[in-house]
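Asker: Supplied structure: final_15.cif, mmCIF, C-alpha atoms.
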```cif
data_entry
#
loop_
_atom_site.label_atom_id
_atom_site.label_comp_id
_atom_site.auth_asym_id
_atom_site.auth_seq_id
_atom_site.Cartn_x
_atom_site.Cartn_y
_atom_site.Cartn_z
CA MET A 1 -54.06 153.95 -194.04
CA GLN A 2 -56.92 152.64 -191.95
CA LEU A 3 -58.78 155.05 -189.67
CA ILE A 4 -59.58 152.97 -186.61
CA LEU A 5 -61.47 153.74 -183.43
CA ASN A 6 -59.51 152.02 -180.67
CA PRO A 7 -61.12 151.66 -177.24
CA ASP A 8 -58.23 153.41 -175.50
CA ASP A 9 -58.17 156.43 -177.83
CA VAL A 10 -58.61 159.71 -176.00
CA PRO A 11 -62.07 161.22 -176.47
CA SER A 12 -62.60 164.61 -177.96
CA GLY A 13 -65.68 166.47 -176.83
CA TYR A 14 -68.82 165.42 -175.02
CA CYS A 15 -72.08 163.85 -176.07
CA CYS A 16 -75.43 163.41 -174.46
CA PRO A 17 -76.49 159.75 -174.44
CA PRO A 18 -79.16 159.28 -177.10
CA SER A 19 -81.36 157.01 -175.02
CA LEU A 20 -81.16 154.00 -172.72
CA MET A 21 -77.88 152.15 -172.97
CA PRO A 22 -76.20 149.26 -171.17
CA SER A 23 -74.32 149.94 -167.96
CA SER A 24 -71.16 148.57 -169.60
CA VAL A 25 -71.22 151.44 -172.07
CA ARG A 26 -71.90 154.00 -169.33
CA LYS A 27 -69.00 152.52 -167.38
CA PHE A 28 -66.75 152.70 -170.44
CA GLY A 29 -67.68 156.36 -170.55
CA LYS A 30 -67.30 157.00 -174.27
CA LEU A 31 -69.43 156.80 -177.37
CA PRO A 32 -68.29 157.15 -180.97
CA ASN A 33 -69.11 160.49 -182.54
CA VAL A 34 -71.64 159.34 -185.11
CA ASP A 35 -72.35 162.80 -186.51
CA ASP A 36 -70.17 161.92 -189.51
CA TRP A 37 -71.55 158.42 -189.92
CA LYS A 38 -74.33 157.86 -192.43
CA PRO A 39 -76.96 155.16 -192.85
CA GLY A 40 -75.61 152.65 -195.34
CA ASP A 41 -72.03 152.94 -194.08
CA LEU A 42 -70.03 149.76 -193.64
CA ILE A 43 -69.03 149.04 -190.05
CA LEU A 44 -66.12 146.66 -189.43
CA VAL A 45 -65.23 145.44 -185.95
CA SER A 46 -62.28 143.57 -184.48
CA SER A 47 -62.34 142.21 -180.94
CA LEU A 48 -59.45 142.99 -178.60
CA THR A 49 -60.04 139.64 -176.88
CA PRO A 50 -61.33 137.42 -179.68
CA ASN A 51 -63.23 134.31 -178.78
CA TYR A 52 -62.66 131.00 -180.54
CA VAL A 53 -64.87 131.82 -183.52
CA GLN A 54 -63.49 135.33 -183.99
CA LYS A 55 -59.92 134.00 -183.82
CA ALA A 56 -60.82 131.34 -186.37
CA ILE A 57 -62.21 133.94 -188.78
CA LYS A 58 -59.04 135.99 -188.52
CA ILE A 59 -56.84 132.94 -189.09
CA VAL A 60 -58.93 131.76 -192.03
CA GLN A 61 -58.72 135.17 -193.65
CA GLU A 62 -54.95 135.25 -193.22
CA LYS A 63 -54.66 131.72 -194.59
CA GLY A 64 -56.81 132.80 -197.51
CA GLY A 65 -54.20 135.40 -198.38
CA TYR A 66 -55.20 138.61 -196.62
CA HIS A 67 -52.66 140.76 -194.81
CA PRO A 68 -53.16 140.70 -191.01
CA GLU A 69 -54.07 144.39 -191.21
CA HIS A 70 -57.22 143.34 -193.13
CA ALA A 71 -57.65 139.87 -191.69
CA GLN A 72 -58.12 141.34 -188.18
CA TRP A 73 -61.65 142.47 -189.13
CA HIS A 74 -63.90 139.55 -188.35
CA HIS A 75 -67.37 141.09 -188.51
CA ALA A 76 -69.19 143.51 -190.82
CA ALA A 77 -72.46 145.36 -190.35
CA VAL A 78 -74.58 148.04 -192.00
CA TYR A 79 -75.02 151.31 -190.14
CA LEU A 80 -78.63 152.43 -189.84
CA GLY A 81 -78.24 155.76 -188.06
CA ASP A 82 -78.72 156.65 -184.37
CA TYR A 83 -76.15 154.07 -183.24
CA GLY A 84 -78.17 151.34 -184.97
CA LEU A 85 -76.76 148.41 -186.93
CA CYS A 86 -78.12 145.68 -189.17
CA GLU A 87 -75.93 142.58 -189.01
CA ALA A 88 -75.89 138.88 -189.71
CA THR A 89 -75.28 137.06 -186.45
CA ARG A 90 -75.24 133.37 -185.70
CA THR A 91 -78.92 133.59 -184.85
CA GLY A 92 -79.79 135.33 -188.12
CA VAL A 93 -79.97 138.86 -189.45
CA LYS A 94 -80.82 141.30 -186.66
CA ALA A 95 -81.19 145.02 -186.14
CA GLY A 96 -79.85 146.50 -182.92
CA LYS A 97 -77.48 149.04 -181.47
CA ILE A 98 -73.70 149.28 -181.74
CA TYR A 99 -73.38 149.10 -177.94
CA PRO A 100 -72.11 145.46 -177.77
CA TYR A 101 -69.06 146.63 -179.71
CA ILE A 102 -68.27 149.62 -177.51
CA GLY A 103 -65.27 149.11 -175.28
CA GLY A 104 -63.95 145.73 -176.33
CA TYR A 105 -63.60 146.21 -180.09
CA ARG A 106 -61.79 148.28 -182.63
CA ILE A 107 -64.30 149.93 -184.92
CA ARG A 108 -63.83 151.13 -188.45
CA VAL A 109 -66.29 152.94 -190.70
CA ARG A 110 -66.05 152.74 -194.48
CA ARG A 111 -68.04 154.34 -197.23
CA ASP A 112 -68.35 154.64 -200.99
CA MET A 113 -67.87 158.40 -201.20
CA THR A 114 -69.45 158.59 -204.67
CA LEU A 115 -72.91 157.70 -203.41
CA THR A 116 -75.73 160.10 -202.65
CA ASP A 117 -77.47 160.01 -199.29
CA ASP A 118 -80.52 158.60 -201.06
CA LEU A 119 -78.51 155.59 -202.27
CA ARG A 120 -76.99 155.12 -198.83
CA TRP A 121 -80.45 154.95 -197.28
CA LYS A 122 -81.40 152.38 -199.89
CA ILE A 123 -78.43 150.23 -198.86
CA ALA A 124 -79.62 150.36 -195.26
CA VAL A 125 -83.14 149.42 -196.33
CA GLN A 126 -81.89 146.55 -198.48
CA ALA A 127 -80.04 145.14 -195.51
CA LEU A 128 -83.14 145.46 -193.32
CA LEU A 129 -85.16 143.54 -195.87
CA SER A 130 -83.06 140.51 -194.89
CA LEU A 131 -84.14 140.67 -191.26
CA ASN A 132 -84.56 137.22 -189.67
CA VAL A 133 -82.87 135.42 -192.59
CA SER A 134 -80.81 132.66 -191.04
CA TYR A 135 -77.04 132.57 -190.79
CA SER A 136 -75.24 130.63 -193.51
CA TYR A 137 -73.04 128.11 -191.71
CA LYS A 138 -72.61 126.37 -195.05
CA SER A 139 -70.90 129.50 -196.44
CA ILE A 140 -68.56 129.56 -193.46
CA ILE A 141 -67.55 125.95 -194.09
CA GLU A 142 -66.96 126.73 -197.76
CA ILE A 143 -64.78 129.69 -196.83
CA LEU A 144 -62.78 127.50 -194.47
CA ILE A 145 -62.24 124.83 -197.12
CA GLN A 146 -61.31 127.34 -199.82
CA SER A 147 -58.92 129.26 -197.57
CA ARG A 148 -56.73 126.19 -197.13
CA ASP A 149 -55.53 126.55 -200.72
CA GLY A 150 -55.49 130.35 -200.76
CA TRP A 151 -58.06 132.53 -202.47
CA TRP A 152 -55.50 133.99 -204.84
CA LYS A 153 -55.57 130.69 -206.69
CA ASN A 154 -58.25 131.47 -209.20
CA ASN A 155 -59.42 127.92 -209.80
CA PHE A 156 -62.52 127.31 -207.72
CA LYS A 157 -65.48 125.61 -209.29
CA PRO A 158 -68.90 127.11 -208.58
CA ARG A 159 -70.53 125.67 -205.49
CA ASN A 160 -74.18 125.82 -204.51
CA THR A 161 -75.00 127.54 -201.27
CA SER A 162 -78.31 128.03 -199.53
CA ASP A 163 -80.34 130.93 -200.88
CA ARG A 164 -82.06 131.55 -197.58
CA ALA A 165 -78.99 132.25 -195.48
CA VAL A 166 -76.32 134.92 -195.31
CA ILE A 167 -73.05 135.80 -193.63
CA CYS A 168 -72.17 139.24 -192.29
CA SER A 169 -70.01 140.41 -195.15
CA ARG A 170 -72.43 139.20 -197.80
CA LEU A 171 -75.29 141.07 -196.10
CA TYR A 172 -73.41 144.30 -196.81
CA SER A 173 -72.05 143.38 -200.25
CA ASP A 174 -75.45 142.26 -201.55
CA ALA A 175 -77.25 145.32 -200.21
CA TYR A 176 -74.55 147.53 -201.70
CA GLY A 177 -74.57 145.67 -205.01
CA ASN A 178 -78.35 145.71 -205.26
CA VAL A 179 -78.42 149.48 -204.97
CA THR A 180 -75.28 150.46 -206.86
CA ASN A 181 -74.85 147.56 -209.32
CA LYS A 182 -71.22 147.42 -208.22
CA THR A 183 -69.76 144.16 -206.99
CA VAL A 184 -67.16 143.92 -204.25
CA GLU A 185 -66.39 140.33 -205.23
CA GLN A 186 -63.21 140.96 -207.13
CA GLN A 187 -62.04 137.54 -208.07
CA TYR A 188 -63.86 134.62 -209.57
CA ASN A 189 -65.76 132.92 -206.77
CA THR A 190 -63.68 134.50 -204.02
CA PRO A 191 -65.98 134.65 -201.01
CA VAL A 192 -66.81 138.08 -199.68
CA THR A 193 -65.33 138.33 -196.20
CA PRO A 194 -64.83 141.21 -193.76
CA ALA A 195 -61.17 141.24 -194.82
CA GLN A 196 -62.18 141.81 -198.43
CA LEU A 197 -64.48 144.64 -197.38
CA SER A 198 -61.53 146.06 -195.43
CA CYS A 199 -59.28 146.30 -198.49
CA CYS A 200 -61.94 146.92 -201.12
CA THR A 201 -61.00 150.04 -203.05
CA LEU A 202 -64.64 151.00 -203.61
CA PHE A 203 -64.73 152.27 -200.02
CA GLN A 204 -62.78 154.87 -198.08
CA ASP A 205 -62.45 155.17 -194.34
CA VAL A 206 -64.52 157.72 -192.47
CA GLN A 207 -62.72 159.69 -189.80
CA THR A 208 -64.29 159.27 -186.37
CA HIS A 209 -63.47 159.76 -182.70
CA TRP A 210 -64.78 159.11 -179.20
CA GLN A 211 -66.80 161.52 -177.18
CA THR A 212 -67.15 161.44 -173.43
CA ILE A 213 -70.62 160.56 -172.16
CA MET B 1 -75.16 155.51 -223.62
CA ALA B 2 -72.99 152.82 -225.22
CA ILE B 3 -74.36 149.33 -224.73
CA THR B 4 -72.39 146.23 -225.62
CA GLN B 5 -74.74 143.36 -226.34
CA ASN B 6 -74.54 139.58 -226.56
CA LYS B 7 -71.69 139.08 -224.18
CA LYS B 8 -71.36 135.57 -222.78
CA GLY B 9 -71.33 135.02 -219.06
CA ILE B 10 -71.78 132.46 -216.33
CA ILE B 11 -73.69 132.85 -213.09
CA ILE B 12 -71.46 132.71 -210.03
CA ARG B 13 -73.99 133.31 -207.28
CA CYS B 14 -77.62 134.24 -206.84
CA SER B 15 -79.63 135.12 -203.76
CA ASP B 16 -83.41 135.01 -203.48
CA ASP B 17 -83.26 137.04 -200.28
CA THR B 18 -81.78 140.06 -201.95
CA GLY B 19 -82.80 139.34 -205.53
CA VAL B 20 -79.29 139.81 -206.86
CA CYS B 21 -76.99 137.67 -208.97
CA ILE B 22 -73.31 137.84 -209.72
CA LEU B 23 -72.13 136.82 -213.16
CA LYS B 24 -68.69 136.51 -214.65
CA ASP B 25 -67.82 137.54 -218.16
CA LYS B 26 -66.50 134.45 -219.92
CA ILE B 27 -63.95 136.61 -221.67
CA GLY B 28 -61.76 138.21 -219.02
CA ASP B 29 -62.25 138.26 -215.25
CA ARG B 30 -64.81 141.04 -214.95
CA GLN B 31 -67.70 140.32 -212.62
CA TYR B 32 -71.04 142.07 -212.56
CA ILE B 33 -73.88 142.20 -210.07
CA PHE B 34 -77.47 142.56 -211.23
CA ASN B 35 -80.97 142.48 -209.88
CA TYR B 36 -83.26 139.65 -211.00
CA ASN B 37 -85.44 142.19 -212.78
CA LYS B 38 -82.71 142.64 -215.39
CA ILE B 39 -83.51 139.14 -216.68
CA LYS B 40 -85.54 139.23 -219.89
CA GLY B 41 -89.11 138.13 -219.29
CA TYR B 42 -88.70 138.06 -215.53
CA ARG B 43 -92.03 138.04 -213.67
CA GLY B 44 -91.01 137.77 -210.05
CA GLU B 45 -90.05 134.08 -209.91
CA TYR B 46 -87.76 132.50 -207.35
CA ALA B 47 -84.39 131.36 -208.67
CA LYS B 48 -85.44 127.69 -208.66
CA GLU B 49 -88.49 128.37 -210.77
CA ILE B 50 -86.43 129.73 -213.64
CA ASP B 51 -83.44 127.43 -213.05
CA LEU B 52 -81.29 130.38 -212.11
CA LYS B 53 -78.25 128.96 -210.33
CA LYS B 54 -74.50 128.85 -210.23
CA GLY B 55 -73.00 127.66 -213.47
CA ARG B 56 -75.93 128.76 -215.65
CA ASN B 57 -74.83 130.28 -218.93
CA VAL B 58 -76.24 133.65 -219.89
CA ASN B 59 -76.06 136.31 -222.56
CA PHE B 60 -75.86 139.81 -221.19
CA SER B 61 -75.60 143.43 -222.22
CA VAL B 62 -73.50 146.06 -220.49
CA ASP B 63 -73.92 149.82 -220.30
CA GLU B 64 -70.28 150.63 -220.94
CA SER B 65 -70.52 154.19 -219.65
CA ARG B 66 -71.55 152.93 -216.21
CA GLY B 67 -70.02 149.47 -216.29
CA THR B 68 -73.34 147.95 -215.22
CA ILE B 69 -75.60 145.25 -216.58
CA SER B 70 -78.49 146.49 -218.73
CA SER B 71 -80.08 143.11 -219.47
CA VAL B 72 -79.54 139.39 -219.03
CA GLU B 73 -80.90 136.49 -221.05
CA LEU B 74 -80.85 132.96 -219.62
CA ILE B 75 -79.73 130.39 -222.19
#
```
The structure given in the file should be rewritten as structure tokens.
Answerer:
Amino acid sequence: MQLILNPDDVPSGYCCPPSLMPSSVRKFGKLPNVDDWKPGDLILVSSLTPNYVQKAIKIVQEKGGYHPEHAQWHHAAVYLGDYGLCEATRTGVKAGKIYPYIGGYRIRVRRDMTLTDDLRWKIAVQALLSLNVSYSYKSIIEILIQSRDGWWKNNFKPRNTSDRAVICSRLYSDAYGNVTNKTVEQQYNTPVTPAQLSCCTLFQDVQTHWQTI
Amino acid sequence: MAITQNKKGIIIRCSDDTGVCILKDKIGDRQYIFNYNKIKGYRGEYAKEIDLKKGRNVNFSVDESRGTISSVELI
């Protein structure tokens, strides 16, 4: 069962805003309770009103063989602590706050429960070491092409992709793999996507809730 | 610590940004991730400099108790 933070969930408790935040978040009136979140956690988001690209990612993931429950997650990020995220965006790998995802997105937090806090911090640091690396549009095109046949068909030949570019899900899986020596890529040459991170059995969901600002 | 040596694998993906590679065991479907520094004789080169790329054959050793790579040899 997925533990999801939906925008219209009722908040429980109050929080003091940590610092400056956009008026949209103040207007929304709620912040996630991050007391139980840890640096190195996997953050998955799903837009309630997906744009063209977000819809395309969801469709591609479904076409590739993922259940809609997992295919709905179109973006992955690494939690840094203090509402901070490290994520691969279309303009490259950036560090920022979770605020753009407050209000219009479902949020889900996942974690490998066997890790120590020290290893979790290392995952966060590994992700940050990729800051400013460009976004891998080539990987996206590969994923699109491969999804047409279905990723469960285990017959893809190795393809070369740019070394100096990354997509959101790979940012997390590489950081995680670098620190833990565990791979989330479960099938031969199946691309790591947010949907795969959603159903990966290495991670469990972290319970979370809203707090009123 | 039980180490199984001289297993045959093939590189699936490598990334200079993160310094990690994924290899697949040629026998069975098991995949492993490893840092470049597990490669024998590695001295900090970029993937291109040591011809480390998808499809490259390797010999590797596995720490069976952890299920992780202990060393990799490019062949």
Asker: Starting from the PyMOL selection byres ((chain B and resi 56) around 6), expand the selection into actual residues of this file and give them as a list in words.
Answerer: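 Residues picked by the PyMOL selection byres ((chain B and resi 56) around 6): Ile10, Ile11, Lys53, Lys54, Gly55 and Asn57 of chain B.
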Asker: Can you write just those residues out, C-alpha atoms, as a compact mmCIF listing (two decimals), keeping the file's coordinate frame?
Answerer:
```
# COMPACT_ATOMS: atom_id res chain seq x y z
CA ILE B 10 -71.78 132.46 -216.33
CA ILE B 11 -73.69 132.85 -213.09
CA LYS B 53 -78.25 128.96 -210.33
CA LYS B 54 -74.50 128.85 -210.23
CA GLY B 55 -73.00 127.66 -213.47
CA ASN B 57 -74.83 130.28 -218.93
```
Asker: Counting all atoms listed in the file, which residue out of B:Ile50, B:Ala2, B:Leu74, B:Val20 sits closest to chain A?
Answerer: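 Distance minimum relative to chain A lands on B:Val20.
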Asker: Just so the selection is clear, what residues does the PyMOL selection byres ((chain A and resi 170) around 9) cover here, as a ChimeraX atom specification?
Answerer: /A:76,88,166-169,171-175,191-194
Asker: Using all atoms listed in the file, which of B:Lys7, B:Ile39, B:Thr68, B:Ser61 sits nearest chain A?
Answerer: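 Nearest candidate to chain A out of B:Lys7, B:Ile39, B:Thr68, B:Ser61: B:Thr68.
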Asker: Can you give me, as a PyMOL selection string, the residues this file yields under the PyMOL selection byres ((chain A and resi 200) around 10)?
Answerer: chain A and resi 70+110+184-186+194-199+201-204
Asker: Where atoms are absent from region 43-70 of chain B, fill them in so it carries N, CA and C atoms, then output it as a short mmCIF file (atom, residue, chain, number, x, y, z; two decimals), in the frame of the given file.
Answerer:
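Writing the result to result.cif gives the following:
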```cif
data_model
loop_
_atom_site.label_atom_id
_atom_site.label_comp_id
_atom_site.auth_asym_id
_atom_site.auth_seq_id
_atom_site.Cartn_x
_atom_site.Cartn_y
_atom_site.Cartn_z
N ARG B 43 -90.73 137.69 -214.22
CA ARG B 43 -92.03 138.04 -213.67
C ARG B 43 -92.12 137.76 -212.18
N GLY B 44 -90.98 137.88 -211.50
CA GLY B 44 -91.01 137.77 -210.05
C GLY B 44 -90.76 136.36 -209.52
N GLU B 45 -90.25 135.46 -210.36
CA GLU B 45 -90.05 134.08 -209.91
C GLU B 45 -88.88 133.96 -208.94
N TYR B 46 -88.91 132.89 -208.13
CA TYR B 46 -87.76 132.50 -207.35
C TYR B 46 -86.72 131.89 -208.29
N ALA B 47 -85.49 131.86 -207.83
CA ALA B 47 -84.39 131.36 -208.67
C ALA B 47 -84.67 129.94 -209.17
N LYS B 48 -85.20 129.09 -208.29
CA LYS B 48 -85.44 127.69 -208.66
C LYS B 48 -86.45 127.58 -209.80
N GLU B 49 -87.41 128.46 -209.79
CA GLU B 49 -88.49 128.37 -210.77
C GLU B 49 -88.01 128.66 -212.19
N ILE B 50 -86.95 129.42 -212.31
CA ILE B 50 -86.43 129.73 -213.64
C ILE B 50 -85.05 129.11 -213.84
N ASP B 51 -84.72 128.15 -212.97
CA ASP B 51 -83.44 127.43 -213.05
C ASP B 51 -82.26 128.41 -213.06
N LEU B 52 -82.37 129.40 -212.23
CA LEU B 52 -81.29 130.38 -212.11
C LEU B 52 -80.37 129.90 -210.99
N LYS B 53 -79.15 129.53 -211.33
CA LYS B 53 -78.25 128.96 -210.33
C LYS B 53 -76.82 129.09 -210.81
N LYS B 54 -75.92 128.79 -209.91
CA LYS B 54 -74.50 128.85 -210.23
C LYS B 54 -74.21 127.94 -211.41
N GLY B 55 -73.40 128.45 -212.32
CA GLY B 55 -73.00 127.66 -213.47
C GLY B 55 -73.89 127.85 -214.68
N ARG B 56 -75.00 128.56 -214.52
CA ARG B 56 -75.93 128.76 -215.65
C ARG B 56 -75.30 129.74 -216.64
N ASN B 57 -75.36 129.39 -217.91
CA ASN B 57 -74.83 130.28 -218.93
C ASN B 57 -75.86 131.35 -219.27
N VAL B 58 -75.35 132.54 -219.56
CA VAL B 58 -76.24 133.65 -219.89
C VAL B 58 -75.62 134.49 -221.00
N ASN B 59 -76.51 135.21 -221.71
CA ASN B 59 -76.06 136.31 -222.56
C ASN B 59 -76.39 137.58 -221.82
N PHE B 60 -75.56 138.58 -221.90
CA PHE B 60 -75.86 139.81 -221.19
C PHE B 60 -75.37 141.03 -221.97
N SER B 61 -75.97 142.15 -221.62
CA SER B 61 -75.60 143.43 -222.22
C SER B 61 -75.10 144.35 -221.11
N VAL B 62 -74.13 145.17 -221.47
CA VAL B 62 -73.50 146.06 -220.49
C VAL B 62 -73.61 147.50 -220.95
N ASP B 63 -73.99 148.38 -220.05
CA ASP B 63 -73.92 149.82 -220.30
C ASP B 63 -72.48 150.22 -220.02
N GLU B 64 -71.73 150.41 -221.09
CA GLU B 64 -70.28 150.63 -220.94
C GLU B 64 -69.96 151.93 -220.20
N SER B 65 -70.82 152.91 -220.31
CA SER B 65 -70.52 154.19 -219.65
C SER B 65 -70.60 154.06 -218.14
N ARG B 66 -71.42 153.11 -217.66
CA ARG B 66 -71.55 152.93 -216.21
C ARG B 66 -70.89 151.64 -215.73
N GLY B 67 -70.60 150.76 -216.67
CA GLY B 67 -70.02 149.47 -216.29
C GLY B 67 -71.01 148.57 -215.58
N THR B 68 -72.30 148.73 -215.91
CA THR B 68 -73.34 147.95 -215.22
C THR B 68 -74.15 147.14 -216.25
N ILE B 69 -74.79 146.13 -215.74
CA ILE B 69 -75.60 145.25 -216.58
C ILE B 69 -76.85 146.00 -217.01
N SER B 70 -77.22 145.91 -218.33
CA SER B 70 -78.49 146.49 -218.73
C SER B 70 -79.54 145.40 -218.94
#
```
